[in-house]
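Student: Following this message is one structure expressed as structure tokens.
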Amino acid sequence: MGSEPVFDIVSRSVVRITIQQSNKKKDNIYRCGTILNCDPDRAFVITDGYKLEEKIGACMVIVKFPDKTKVYPCSKYCRIENGMLGILCVPEIDKTFDVNLVKGIQVCDRVLEMSEKIFVYEGVHRRLVSGYITNFDEDYFSHNCGVVELAEYGAPVVNRTGEFVGMSCSLEYHLSATVVSALTNIFERIRETLYSVQ
């Protein structure tokens, strides 16, 4: 499968998260988020929580979905745990998500392989950049996708079939991602906590 069919799958499962620290656009923090669960009335989104601990609750959060819906979750619908930020997104009253355009991503349930082809979602230009796994262990893997300057914390990494395999977590010396299977329990705890608040 080339990158076009994969992009079609992934683009329905990626949101743009803006954390507004002030009225100045230059002060905003941007993250890619990945939709794990979605129905017409609510969606559960996750991203890397790096350097966001003090921001959540003190700043306005805006989540823009593929169907152009914007959600402004209050702090009780945002939770950081073990470096991951989970957001429960509920559309405005009398509005729903278009589930033909917004979908939860399929999570890969198999072990990654060395030299496996992968794609990183690059949110600035809304595209997938391909590369290969160059090193991995139980929790992290490195890859050679050429997105260093435009990569974002939390950007999803997917395999050839569009399954979610990792989340970008280091953009410095080499690109690395946390293996999704190492995060599944954290995602589930955050989701359960946020769903119980609603």
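As shown in the structure tokens, the chain order sets the letters A, B, ...; within each chain, residues go from 1, and ligands are also counted from 1 in the order they appear.
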Per residue of segment 18-74 of chain A within 9 Å of segment 107-126 of chain A, note the shortest atom pair and the distance in Å to one decimal, counting only C-alpha atoms, and order the rows by chain and increasing residue number, as a tab-separated table.
Tutor:
residue	atom	partner	partner_atom	distance
A:Arg31	CA	A:Gly123	CA	8.2
A:Cys32	CA	A:Gly123	CA	6.4
A:Leu36	CA	A:Val107	CA	8.1
Student: If you count only C-alpha atoms, which residues fall within 12 Å of Ile93 of chain A, apart from same-chain ones fewer than 6 positions away, as a PyMOL selection string?
Tutor: chain A and resi 40-42+71
Student: Can you work out the spacing between atom CA of Gln198 of chain A and atom CA of Tyr77 of chain A in Å, to one decimal?
Tutor: 7.9 Å
Student: Please identify which residues in segment 8-155 of chain A DSSP calls helix (DSSP H, G or I) from the backbone, and express them as a list in words.
Tutor: Asp8, Ile9, Val10, Lys25, Lys26, Asp27, Ser75, Lys76 and Tyr77 of chain A
Student: Write out the residues from the selection above, keeping N, CA, C and O atoms, as a compact mmCIF listing (two decimals), in the first residue's frame.
Tutor:
# COMPACT_ATOMS: atom_id res chain seq x y z
N ASP A 8 -5.23 8.65 3.45
CA ASP A 8 -6.69 8.73 3.52
C ASP A 8 -7.20 8.15 4.84
O ASP A 8 -8.11 8.70 5.46
N ILE A 9 -6.58 7.06 5.29
CA ILE A 9 -6.97 6.43 6.56
C ILE A 9 -6.57 7.32 7.74
O ILE A 9 -7.37 7.65 8.60
N VAL A 10 -5.31 7.73 7.74
CA VAL A 10 -4.76 8.46 8.88
C VAL A 10 -5.34 9.86 9.01
O VAL A 10 -5.59 10.34 10.12
N LYS A 25 -0.46 34.85 18.68
CA LYS A 25 -0.36 33.56 18.00
C LYS A 25 1.02 32.93 18.17
O LYS A 25 1.16 31.72 18.27
N LYS A 26 2.06 33.76 18.25
CA LYS A 26 3.42 33.24 18.36
C LYS A 26 3.64 32.50 19.68
O LYS A 26 4.58 31.71 19.80
N ASP A 27 2.79 32.73 20.67
CA ASP A 27 2.92 32.06 21.96
C ASP A 27 2.20 30.71 22.00
O ASP A 27 2.31 29.97 22.98
N SER A 75 -10.84 22.12 31.43
CA SER A 75 -9.71 21.41 32.05
C SER A 75 -10.11 20.03 32.60
O SER A 75 -9.30 19.13 32.63
N LYS A 76 -11.36 19.87 33.02
CA LYS A 76 -11.74 18.56 33.56
C LYS A 76 -11.78 17.47 32.48
O LYS A 76 -11.80 16.29 32.79
N TYR A 77 -11.79 17.88 31.21
CA TYR A 77 -11.76 16.92 30.10
C TYR A 77 -10.35 16.72 29.54
O TYR A 77 -10.18 16.10 28.49
Student: Between A:Val179, A:Val157, A:Ile80, A:Leu101, which one has atoms that come closest to Val129 of chain A, using only C-alpha atoms?
Tutor: A:Val157
Student: Have a look at A:Ser196, A:Ser11, A:Thr34, A:Thr18 and name the one nearest to Pro66 of chain A; count only C-alpha atoms.
Tutor: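 That would be A:Ser11, the residue with the smallest distance to Pro66 of chain A.
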